[in-house]
>>> print(open('run27.tsv').read())   # TSV, C-alpha atoms
chain	number	residue	atom	x	y	z
A	29	MET	CA	26.46	0.41	-24.41
A	30	PHE	CA	26.85	-3.32	-24.73
A	31	LYS	CA	30.45	-4.06	-23.88
A	32	ARG	CA	30.61	-7.72	-22.98
A	33	ILE	CA	33.46	-8.23	-25.44
A	34	LEU	CA	34.64	-6.52	-28.57
A	35	LEU	CA	34.74	-8.01	-32.02
A	36	LEU	CA	37.70	-6.94	-34.10
A	37	PRO	CA	36.00	-4.66	-36.67
A	38	ILE	CA	35.89	-6.74	-39.81
A	39	PHE	CA	36.39	-3.80	-42.11
A	40	VAL	CA	40.04	-3.54	-41.03
A	41	LEU	CA	40.61	-6.67	-43.07
A	42	LEU	CA	40.24	-4.58	-46.20
A	43	ALA	CA	43.90	-3.62	-45.98
A	44	TRP	CA	44.90	-7.26	-46.06
A	45	MET	CA	42.72	-7.96	-49.07
A	46	THR	CA	44.84	-5.69	-51.26
A	47	LYS	CA	47.68	-8.19	-51.18
A	48	PRO	CA	48.35	-10.04	-54.45
A	49	ALA	CA	47.42	-13.69	-54.52
A	50	PRO	CA	50.32	-16.04	-53.74
A	51	VAL	CA	52.02	-17.71	-56.69
A	52	SER	CA	51.95	-21.47	-56.87
A	53	GLY	CA	55.34	-23.13	-56.45
A	54	GLN	CA	54.43	-26.26	-58.43
A	55	ALA	CA	56.62	-25.52	-61.43
A	56	LEU	CA	56.00	-28.91	-63.04
A	57	LEU	CA	52.30	-28.19	-63.60
A	58	PRO	CA	51.29	-26.90	-67.03
A	59	TYR	CA	51.37	-23.12	-67.09
A	60	THR	CA	47.69	-22.80	-67.97
A	61	LEU	CA	46.64	-24.84	-64.92
A	62	GLN	CA	48.88	-22.77	-62.66
A	63	LEU	CA	47.30	-19.61	-64.02
A	64	ASP	CA	43.82	-21.00	-63.43
A	65	ALA	CA	44.69	-21.76	-59.83
A	66	GLU	CA	46.00	-18.25	-59.35
A	67	GLU	CA	42.91	-16.77	-60.93
A	68	LEU	CA	40.64	-18.85	-58.72
A	69	GLU	CA	42.50	-17.75	-55.63
A	70	GLN	CA	42.30	-14.12	-56.67
A	71	GLN	CA	38.57	-14.52	-57.26
A	72	GLY	CA	38.30	-15.94	-53.76
A	73	LEU	CA	40.15	-12.96	-52.30
A	74	ASN	CA	37.89	-10.61	-54.27
A	75	LEU	CA	34.81	-12.36	-52.88
A	76	ALA	CA	36.23	-12.05	-49.38
A	77	GLN	CA	36.69	-8.34	-49.96
A	78	ASP	CA	33.08	-8.14	-51.15
A	79	ALA	CA	32.01	-9.86	-47.94
A	80	VAL	CA	33.84	-7.27	-45.88
A	81	GLN	CA	32.19	-4.45	-47.81
A	82	LEU	CA	28.74	-5.98	-47.33
A	83	THR	CA	29.17	-5.99	-43.57
A	84	ARG	CA	29.42	-2.21	-43.71
A	85	PHE	CA	25.84	-2.19	-44.94
A	86	GLN	CA	24.82	-4.89	-42.42
A	87	GLN	CA	24.04	-7.35	-45.21
A	88	TYR	CA	25.38	-10.24	-43.19
A	89	ASP	CA	23.63	-13.09	-45.01
A	90	LEU	CA	25.07	-12.02	-48.35
A	91	ALA	CA	28.45	-11.46	-46.75
A	92	LEU	CA	28.43	-14.92	-45.21
A	93	SER	CA	27.58	-16.65	-48.49
A	94	ARG	CA	30.41	-14.85	-50.26
A	95	ALA	CA	32.84	-15.64	-47.47
A	96	LYS	CA	31.97	-19.34	-47.68
A	97	LEU	CA	32.60	-19.37	-51.42
A	98	ALA	CA	35.82	-17.43	-50.89
A	99	THR	CA	37.23	-20.19	-48.68
A	100	GLN	CA	36.48	-22.72	-51.42
A	101	LEU	CA	38.25	-20.68	-54.08
A	102	ALA	CA	41.15	-19.62	-51.84
A	103	PRO	CA	41.43	-22.37	-49.22
A	104	ASN	CA	45.08	-21.59	-48.47
A	105	SER	CA	44.49	-17.94	-47.69
A	106	PHE	CA	44.19	-17.16	-43.99
A	107	GLU	CA	42.22	-13.99	-44.82
A	108	THR	CA	39.26	-15.87	-46.26
A	109	TRP	CA	38.99	-18.14	-43.21
A	110	PHE	CA	39.49	-15.17	-40.88
A	111	ILE	CA	36.62	-13.28	-42.50
A	112	LEU	CA	34.37	-16.35	-42.54
A	113	GLY	CA	35.08	-17.04	-38.87
A	114	THR	CA	34.45	-13.45	-37.85
A	115	LEU	CA	31.14	-13.41	-39.72
A	116	TYR	CA	30.08	-16.66	-38.06
A	117	ILE	CA	30.80	-15.15	-34.66
A	118	GLN	CA	28.85	-12.02	-35.51
A	119	ASN	CA	25.99	-14.34	-36.48
A	120	GLN	CA	26.34	-16.16	-33.13
A	121	GLN	CA	27.39	-19.39	-34.88
A	122	LEU	CA	30.22	-19.81	-32.44
A	123	ASP	CA	31.29	-23.38	-33.14
A	124	GLU	CA	31.50	-22.70	-36.87
A	125	GLY	CA	33.37	-19.49	-36.14
A	126	ILE	CA	35.94	-21.24	-33.98
A	127	GLU	CA	36.46	-23.91	-36.64
A	128	ALA	CA	37.06	-21.31	-39.35
A	129	LEU	CA	39.31	-19.17	-37.16
A	130	SER	CA	41.31	-22.23	-36.13
A	131	LYS	CA	41.88	-22.91	-39.83
A	132	ALA	CA	43.03	-19.30	-40.26
A	133	GLN	CA	45.40	-19.69	-37.32
A	134	SER	CA	46.87	-22.87	-38.77
A	135	LEU	CA	47.63	-20.97	-41.97
A	136	LYS	CA	49.11	-17.96	-40.18
A	137	PRO	CA	49.88	-18.73	-36.51
A	138	GLU	CA	51.40	-15.31	-35.75
A	139	GLU	CA	48.37	-13.25	-36.82
A	140	ALA	CA	47.22	-11.44	-33.67
A	141	GLY	CA	43.81	-10.52	-35.07
A	142	VAL	CA	42.88	-14.18	-35.50
A	143	LEU	CA	43.83	-14.89	-31.89
A	144	PHE	CA	41.82	-11.93	-30.64
A	145	SER	CA	38.76	-13.14	-32.54
A	146	LEU	CA	39.22	-16.65	-31.17
A	147	GLY	CA	39.30	-15.13	-27.70
A	148	ASN	CA	36.02	-13.43	-28.55
A	149	ALA	CA	34.37	-16.69	-29.56
A	150	TYR	CA	35.62	-18.61	-26.53
A	151	PHE	CA	34.40	-15.83	-24.24
A	152	GLN	CA	30.93	-15.97	-25.72
A	153	LYS	CA	30.93	-19.74	-25.23
A	154	GLU	CA	31.85	-19.04	-21.59
A	155	GLU	CA	35.12	-20.90	-22.05
A	156	TYR	CA	37.01	-18.19	-20.23
A	157	ARG	CA	40.34	-19.96	-19.79
A	158	LYS	CA	40.56	-20.59	-23.53
A	159	ALA	CA	39.62	-16.94	-24.08
A	160	VAL	CA	42.47	-15.84	-21.82
A	161	SER	CA	44.91	-18.15	-23.60
A	162	SER	CA	44.00	-16.85	-27.07
A	163	LEU	CA	43.97	-13.20	-26.04
A	164	GLU	CA	47.30	-13.42	-24.23
A	165	ALA	CA	48.84	-15.17	-27.22
A	166	GLY	CA	47.66	-12.35	-29.47
A	167	LEU	CA	48.90	-9.69	-27.05
A	168	LYS	CA	52.36	-11.22	-27.09
A	169	ILE	CA	52.41	-10.39	-30.80
A	170	GLU	CA	50.65	-7.01	-30.56
A	171	PRO	CA	50.82	-5.94	-26.90
A	172	GLU	CA	49.21	-2.51	-27.14
A	173	VAL	CA	45.76	-3.23	-28.57
A	174	PRO	CA	43.33	-1.60	-26.10
A	175	GLU	CA	40.29	-3.59	-27.21
A	176	ALA	CA	42.12	-6.89	-26.72
A	177	LEU	CA	43.38	-5.77	-23.29
A	178	PHE	CA	39.81	-4.85	-22.37
A	179	ASP	CA	38.58	-8.25	-23.53
A	180	LEU	CA	41.31	-9.92	-21.49
A	181	GLY	CA	40.18	-8.00	-18.42
A	182	ASN	CA	36.64	-9.24	-18.99
A	183	ALA	CA	37.81	-12.86	-19.25
A	184	TYR	CA	39.86	-12.62	-16.06
A	185	TYR	CA	36.91	-10.95	-14.33
A	186	MET	CA	34.64	-13.87	-15.22
A	187	LEU	CA	37.26	-16.22	-13.76
A	188	ASN	CA	37.18	-14.18	-10.53
A	189	GLN	CA	40.86	-13.37	-11.01
A	190	TYR	CA	40.31	-9.81	-9.90
A	191	PRO	CA	43.91	-8.51	-9.70
A	192	MET	CA	44.62	-9.79	-13.23
A	193	ALA	CA	41.37	-8.25	-14.47
A	194	ILE	CA	42.20	-4.85	-12.99
A	195	ALA	CA	45.72	-4.97	-14.43
A	196	ALA	CA	44.36	-5.66	-17.92
A	197	TYR	CA	41.73	-2.93	-17.64
A	198	GLU	CA	44.35	-0.43	-16.49
A	199	LYS	CA	46.54	-1.27	-19.48
A	200	ALA	CA	43.54	-0.87	-21.80
A	201	ALA	CA	42.72	2.54	-20.33
A	202	ALA	CA	46.34	3.66	-20.65
A	203	GLN	CA	46.52	3.09	-24.42
A	204	GLU	CA	45.90	5.80	-26.99
A	205	PRO	CA	42.26	5.41	-28.10
A	206	SER	CA	40.65	6.92	-31.19
A	207	ASP	CA	37.85	8.17	-28.94
A	208	THR	CA	36.63	7.41	-25.40
A	209	TRP	CA	36.34	3.69	-26.21
A	210	PRO	CA	37.47	1.56	-24.49
A	211	VAL	CA	38.78	3.98	-21.83
A	212	TRP	CA	35.58	4.66	-19.91
A	213	PRO	CA	34.35	1.04	-20.09
A	214	ALA	CA	37.71	-0.20	-18.80
A	215	ILE	CA	37.64	2.22	-15.87
A	216	ASN	CA	33.97	1.42	-15.33
A	217	ASN	CA	34.75	-2.28	-15.14
A	218	ILE	CA	37.45	-1.68	-12.56
A	219	GLY	CA	34.60	-0.23	-10.52
A	220	LEU	CA	32.58	-3.40	-11.08
A	221	VAL	CA	35.48	-5.48	-9.77
A	222	MET	CA	35.96	-3.25	-6.74
A	223	TYR	CA	32.28	-3.43	-5.85
A	224	GLU	CA	32.37	-7.21	-5.89
A	225	GLN	CA	35.39	-7.02	-3.60
A	226	GLY	CA	33.46	-4.85	-1.15
A	227	ASP	CA	35.33	-1.62	-1.94
A	228	VAL	CA	32.24	0.53	-2.54
A	229	ALA	CA	34.04	3.87	-2.16
A	230	GLY	CA	36.73	2.83	-4.63
A	231	ALA	CA	34.08	1.63	-7.07
A	232	ILE	CA	32.23	4.94	-6.88
A	233	ASP	CA	35.47	6.80	-7.58
A	234	LYS	CA	36.07	4.72	-10.72
A	235	TRP	CA	32.52	5.21	-11.93
A	236	GLN	CA	32.83	8.95	-11.37
A	237	ASP	CA	36.00	8.88	-13.46
A	238	SER	CA	34.06	7.10	-16.22
A	239	ILE	CA	31.34	9.75	-16.14
A	240	ALA	CA	33.98	12.48	-16.41
A	241	ILE	CA	35.33	10.83	-19.58
A	242	ASP	CA	31.89	10.26	-21.15
A	243	PRO	CA	29.13	12.29	-19.48
A	244	GLU	CA	26.53	10.58	-21.67
A	245	ALA	CA	27.35	7.07	-20.46
A	246	ALA	CA	24.35	5.66	-18.60
A	247	GLU	CA	26.03	2.64	-17.04
A	248	PRO	CA	28.40	4.33	-14.57
A	249	LYS	CA	25.62	6.76	-13.59
A	250	LEU	CA	23.31	3.89	-12.69
A	251	ALA	CA	26.10	2.10	-10.85
A	252	VAL	CA	26.81	5.20	-8.74
A	253	ALA	CA	23.07	5.60	-8.15
A	254	VAL	CA	22.76	2.05	-6.84
A	255	ALA	CA	25.82	2.43	-4.61
A	256	LEU	CA	24.53	5.70	-3.13
A	257	TYR	CA	21.07	4.25	-2.60
A	258	THR	CA	22.50	1.20	-0.86
A	259	GLN	CA	24.63	3.40	1.40
A	260	GLY	CA	21.58	5.34	2.55
A	261	GLU	CA	21.72	8.35	0.23
A	262	GLN	CA	18.40	7.36	-1.25
A	263	ASP	CA	17.17	10.66	-2.67
A	264	ARG	CA	20.44	11.38	-4.42
A	265	GLY	CA	20.70	7.83	-5.69
A	266	LEU	CA	17.14	7.79	-7.00
A	267	ALA	CA	17.57	11.12	-8.81
A	268	LEU	CA	20.76	9.96	-10.49
A	269	GLY	CA	19.20	6.61	-11.34
A	270	GLU	CA	16.27	8.36	-13.00
A	271	THR	CA	18.72	10.30	-15.15
A	272	ALA	CA	20.58	7.16	-16.16
A	273	LEU	CA	17.48	5.16	-17.01
A	274	ARG	CA	15.88	7.97	-18.96
A	275	SER	CA	18.96	8.17	-21.14
A	276	ASP	CA	19.10	4.39	-21.70
A	277	GLU	CA	16.25	2.27	-20.36
A	278	ARG	CA	18.05	-0.98	-21.23
A	279	TYR	CA	19.92	-0.63	-17.95
A	280	GLY	CA	16.65	-1.27	-16.15
A	281	ASP	CA	16.84	-4.89	-17.33
A	282	LEU	CA	18.80	-7.16	-14.99
A	283	ASP	CA	19.62	-9.57	-17.83
A	284	PHE	CA	21.17	-6.70	-19.78
A	285	LEU	CA	23.21	-5.73	-16.73
A	286	LYS	CA	24.45	-9.30	-16.36
A	287	GLU	CA	25.48	-9.28	-20.03
A	288	ASN	CA	27.47	-6.16	-19.20
A	289	LEU	CA	29.25	-8.08	-16.43
A	290	TRP	CA	27.54	-6.65	-13.38
A	291	GLY	CA	28.47	-9.01	-10.56
A	292	GLU	CA	26.29	-10.78	-8.03
A	293	ARG	CA	26.70	-8.19	-5.27
A	294	LEU	CA	25.87	-5.28	-7.55
A	295	ILE	CA	22.99	-7.14	-9.21
A	296	ALA	CA	21.44	-7.90	-5.81
A	297	ASP	CA	21.64	-4.23	-4.79
A	298	THR	CA	20.36	-3.11	-8.18
A	299	GLN	CA	17.35	-5.40	-7.92
A	300	LYS	CA	16.31	-3.62	-4.72
A	301	PHE	CA	16.97	-0.25	-6.33
A	302	LEU	CA	14.86	-1.03	-9.40
A	303	ALA	CA	11.97	-2.11	-7.18
A	304	ASN	CA	11.64	1.41	-5.76
A	305	PRO	CA	8.35	3.03	-6.90
A	306	ARG	CA	10.15	6.11	-8.27
A	307	ILE	CA	12.35	3.93	-10.47
A	308	GLN	CA	9.39	1.80	-11.51
A	309	ALA	CA	7.63	4.98	-12.59
A	310	THR	CA	10.70	6.04	-14.54
A	311	LEU	CA	10.71	2.76	-16.41
A	312	ALA	CA	6.99	3.01	-17.18
A	313	PRO	CA	6.14	3.64	-20.88
A	314	GLY	CA	5.77	7.28	-21.82
A	315	ASP	CA	7.82	8.69	-18.97
A	316	ASN	CA	10.82	10.11	-20.77
A	317	ILE	CA	11.32	13.59	-19.35
A	318	PRO	CA	15.04	14.08	-18.71
A	319	VAL	CA	16.24	15.09	-15.27
A	320	GLN	CA	19.54	16.89	-14.69
A	321	VAL	CA	21.46	15.72	-11.62
A	322	ASP	CA	24.79	16.71	-10.10
A	323	VAL	CA	26.84	13.48	-10.12
A	324	THR	CA	29.87	14.77	-8.23
A	325	PRO	CA	30.50	13.26	-4.81
>>> encode(input="run27.tsv", output="structure tokens")
Amino acid sequence: MFKRILLLPIFVLLAWMTKPAPVSGQALLPYTLQLDAEELEQQGLNLAQDAVQLTRFQQYDLALSRAKLATQLAPNSFETWFILGTLYIQNQQLDEGIEALSKAQSLKPEEAGVLFSLGNAYFQKEEYRKAVSSLEAGLKIEPEVPEALFDLGNAYYMLNQYPMAIAAYEKAAAQEPSDTWPVWPAINNIGLVMYEQGDVAGAIDKWQDSIAIDPEAAEPKLAVAVALYTQGEQDRGLALGETALRSDERYGDLDFLKENLWGERLIADTQKFLANPRIQATLAPGDNIPVQVDVTP
């Protein structure tokens, strides 16, 4: 599962779009013009809501065009800029996304969701200090958002601030999730940090904990496999690695592992592991027979 950083699900904005359009305070304007302005703003909010709905069906181009028009019709609504910025980020137009989200923040500085999305964009631009600043600002407003805590851990990890990363991951794992996300990835990433620090045994323990939470997760299985293989338990490591890669072959790609924040030490050991003929055969096309392996220490 790709877990570099989490986007705030855009469909949660639907709740905000039910708000009535703000009333103009310019009492000296003719009533008809004031009504037109209100109607235009409401049309903009409706278009923004349409954009949110379209993302549910992955019609991102249509959603983006509606979101752009929404900001023109309702330029003083933070929701329209928030939605536009989030869509830009999802479309990997990071600079445009940051510009739109910054506009949303200027309209509503205390909206945590905007700050979390800004942290997302800065992280993807590899501006990790700005990501930390935005995420921490959002967490001061809403301190118990597990996805944001997870994202903060990722940003600290990329800054090599390992104690801060572990603290954020632990807070993320301690929150009440709707499912196993982001609990197992947070615990898994603590293992990544520990491995880079040279604590292989501690890393294996964390990865085992992740497997216990989500037995289908391929990433912690492969990480344990690499660690065992590197420590000399080659047969056990290879068998577990075959299981992991047969369930999700993307983890046989070093670039994909780097996107999932595998550090230099673990990547170097994984490169040796993937070069093993048994693993090469597992990654060969057509070889997809599952293998059951005991992953307990």
>>> residues_around(input="run27.tsv", residues="Leu302 of chain A", least_positions_apart="4", cutoff="10 Å", atoms="all atoms listed in the file", output="PyMOL selection string")
chain A and resi 254+266+269+279-282+297-298+306-311
>>> residues_around(input="run27.tsv", residues="segment 151-164 of chain A", least_positions_apart="2", cutoff="12 Å", atoms="all atoms listed in the file", output="short mmCIF file (atom, residue, chain, number, x, y, z; two decimals) with C-alpha atoms, in the frame of the given file")
data_model
loop_
_atom_site.label_atom_id
_atom_site.label_comp_id
_atom_site.auth_asym_id
_atom_site.auth_seq_id
_atom_site.Cartn_x
_atom_site.Cartn_y
_atom_site.Cartn_z
CA ARG A 32 30.61 -7.72 -22.98
CA ILE A 33 33.46 -8.23 -25.44
CA LEU A 34 34.64 -6.52 -28.57
CA LEU A 35 34.74 -8.01 -32.02
CA LEU A 36 37.70 -6.94 -34.10
CA ILE A 117 30.80 -15.15 -34.66
CA GLN A 118 28.85 -12.02 -35.51
CA ASN A 119 25.99 -14.34 -36.48
CA GLN A 120 26.34 -16.16 -33.13
CA GLN A 121 27.39 -19.39 -34.88
CA LEU A 122 30.22 -19.81 -32.44
CA ASP A 123 31.29 -23.38 -33.14
CA GLY A 125 33.37 -19.49 -36.14
CA ILE A 126 35.94 -21.24 -33.98
CA LEU A 129 39.31 -19.17 -37.16
CA SER A 130 41.31 -22.23 -36.13
CA GLN A 133 45.40 -19.69 -37.32
CA PRO A 137 49.88 -18.73 -36.51
CA GLU A 138 51.40 -15.31 -35.75
CA GLU A 139 48.37 -13.25 -36.82
CA ALA A 140 47.22 -11.44 -33.67
CA GLY A 141 43.81 -10.52 -35.07
CA VAL A 142 42.88 -14.18 -35.50
CA LEU A 143 43.83 -14.89 -31.89
CA PHE A 144 41.82 -11.93 -30.64
CA SER A 145 38.76 -13.14 -32.54
CA LEU A 146 39.22 -16.65 -31.17
CA GLY A 147 39.30 -15.13 -27.70
CA ASN A 148 36.02 -13.43 -28.55
CA ALA A 149 34.37 -16.69 -29.56
CA GLY A 166 47.66 -12.35 -29.47
CA LEU A 167 48.90 -9.69 -27.05
CA LYS A 168 52.36 -11.22 -27.09
CA ILE A 169 52.41 -10.39 -30.80
CA GLU A 170 50.65 -7.01 -30.56
CA PRO A 171 50.82 -5.94 -26.90
CA GLU A 172 49.21 -2.51 -27.14
CA VAL A 173 45.76 -3.23 -28.57
CA PRO A 174 43.33 -1.60 -26.10
CA GLU A 175 40.29 -3.59 -27.21
CA ALA A 176 42.12 -6.89 -26.72
CA LEU A 177 43.38 -5.77 -23.29
CA PHE A 178 39.81 -4.85 -22.37
CA ASP A 179 38.58 -8.25 -23.53
CA LEU A 180 41.31 -9.92 -21.49
CA GLY A 181 40.18 -8.00 -18.42
CA ASN A 182 36.64 -9.24 -18.99
CA ALA A 183 37.81 -12.86 -19.25
CA TYR A 184 39.86 -12.62 -16.06
CA TYR A 185 36.91 -10.95 -14.33
CA MET A 186 34.64 -13.87 -15.22
CA LEU A 187 37.26 -16.22 -13.76
CA ASN A 188 37.18 -14.18 -10.53
CA GLN A 189 40.86 -13.37 -11.01
CA MET A 192 44.62 -9.79 -13.23
CA ALA A 193 41.37 -8.25 -14.47
CA ALA A 196 44.36 -5.66 -17.92
CA GLU A 287 25.48 -9.28 -20.03
#
>>> residues_around(input="run27.tsv", residues="Asn216 of chain A", least_positions_apart="5", cutoff="10 Å", atoms="all atoms listed in the file", output="list in words")
Tyr197, Pro210, Val211, Val221, Met222, Ala231, Ile232, Asp233, Lys234, Trp235, Gln236, Asp237, Ser238, Ile239, Glu247, Pro248 and Ala251 of chain A
>>> closest_residue(input="run27.tsv", among="A:Leu220, A:Leu268, A:Ala200, A:Ile241", to="Lys286 of chain A", atoms="all atoms listed in the file")
A:Leu220
>>> atom_distance(input="run27.tsv", atom1="atom CA of Ile218 of chain A", atom2="atom CA of Asn304 of chain A")
26.9 Å
>>> atom_distance(input="run27.tsv", atom1="atom CA of Lys249 of chain A", atom2="atom CA of Leu273 of chain A")
9.0 Å
>>> closest_residue(input="run27.tsv", among="A:Thr99, A:Thr108, A:Thr258, A:Gln299", to="Tyr223 of chain A", atoms="all atoms listed in the file")
A:Thr258
>>> closest_residue(input="run27.tsv", among="A:Glu204, A:Glu224, A:Glu244, A:Asp89", to="Asp276 of chain A", atoms="only C-alpha atoms")
A:Glu244
>>> atom_distance(input="run27.tsv", atom1="atom CA of Glu261 of chain A", atom2="atom CA of Gly291 of chain A")
21.5 Å
>>> closest_residue(input="run27.tsv", among="A:Trp209, A:Tyr150, A:Tyr88, A:Phe106", to="Lys131 of chain A", atoms="all atoms listed in the file")
A:Phe106
>>> residues_around(input="run27.tsv", residues="Gln71 of chain A", least_positions_apart="2", cutoff="10 Å", atoms="only C-alpha atoms", output="ChimeraX atom specification")
/A:49,65-69,73-77,97-98,101-102
>>> write_last_selection(input="run27.tsv", atoms="C-alpha atoms", output="mmCIF file, in the coordinates of the input")
data_model
loop_
_atom_site.group_PDB
_atom_site.id
_atom_site.type_symbol
_atom_site.label_atom_id
_atom_site.label_comp_id
_atom_site.auth_asym_id
_atom_site.auth_seq_id
_atom_site.Cartn_x
_atom_site.Cartn_y
_atom_site.Cartn_z
ATOM 1 C CA ALA A 49 47.420 -13.690 -54.520
ATOM 2 C CA ALA A 65 44.690 -21.760 -59.830
ATOM 3 C CA GLU A 66 46.000 -18.250 -59.350
ATOM 4 C CA GLU A 67 42.910 -16.770 -60.930
ATOM 5 C CA LEU A 68 40.640 -18.850 -58.720
ATOM 6 C CA GLU A 69 42.500 -17.750 -55.630
ATOM 7 C CA LEU A 73 40.150 -12.960 -52.300
ATOM 8 C CA ASN A 74 37.890 -10.610 -54.270
ATOM 9 C CA LEU A 75 34.810 -12.360 -52.880
ATOM 10 C CA ALA A 76 36.230 -12.050 -49.380
ATOM 11 C CA GLN A 77 36.690 -8.340 -49.960
ATOM 12 C CA LEU A 97 32.600 -19.370 -51.420
ATOM 13 C CA ALA A 98 35.820 -17.430 -50.890
ATOM 14 C CA LEU A 101 38.250 -20.680 -54.080
ATOM 15 C CA ALA A 102 41.150 -19.620 -51.840
#
>>> residues_around(input="run27.tsv", residues="Gln259 of chain A", least_positions_apart="4", cutoff="12 Å", atoms="all atoms listed in the file", output="PyMOL selection string")
chain A and resi 228-229+232+252-255+263-265+297+301
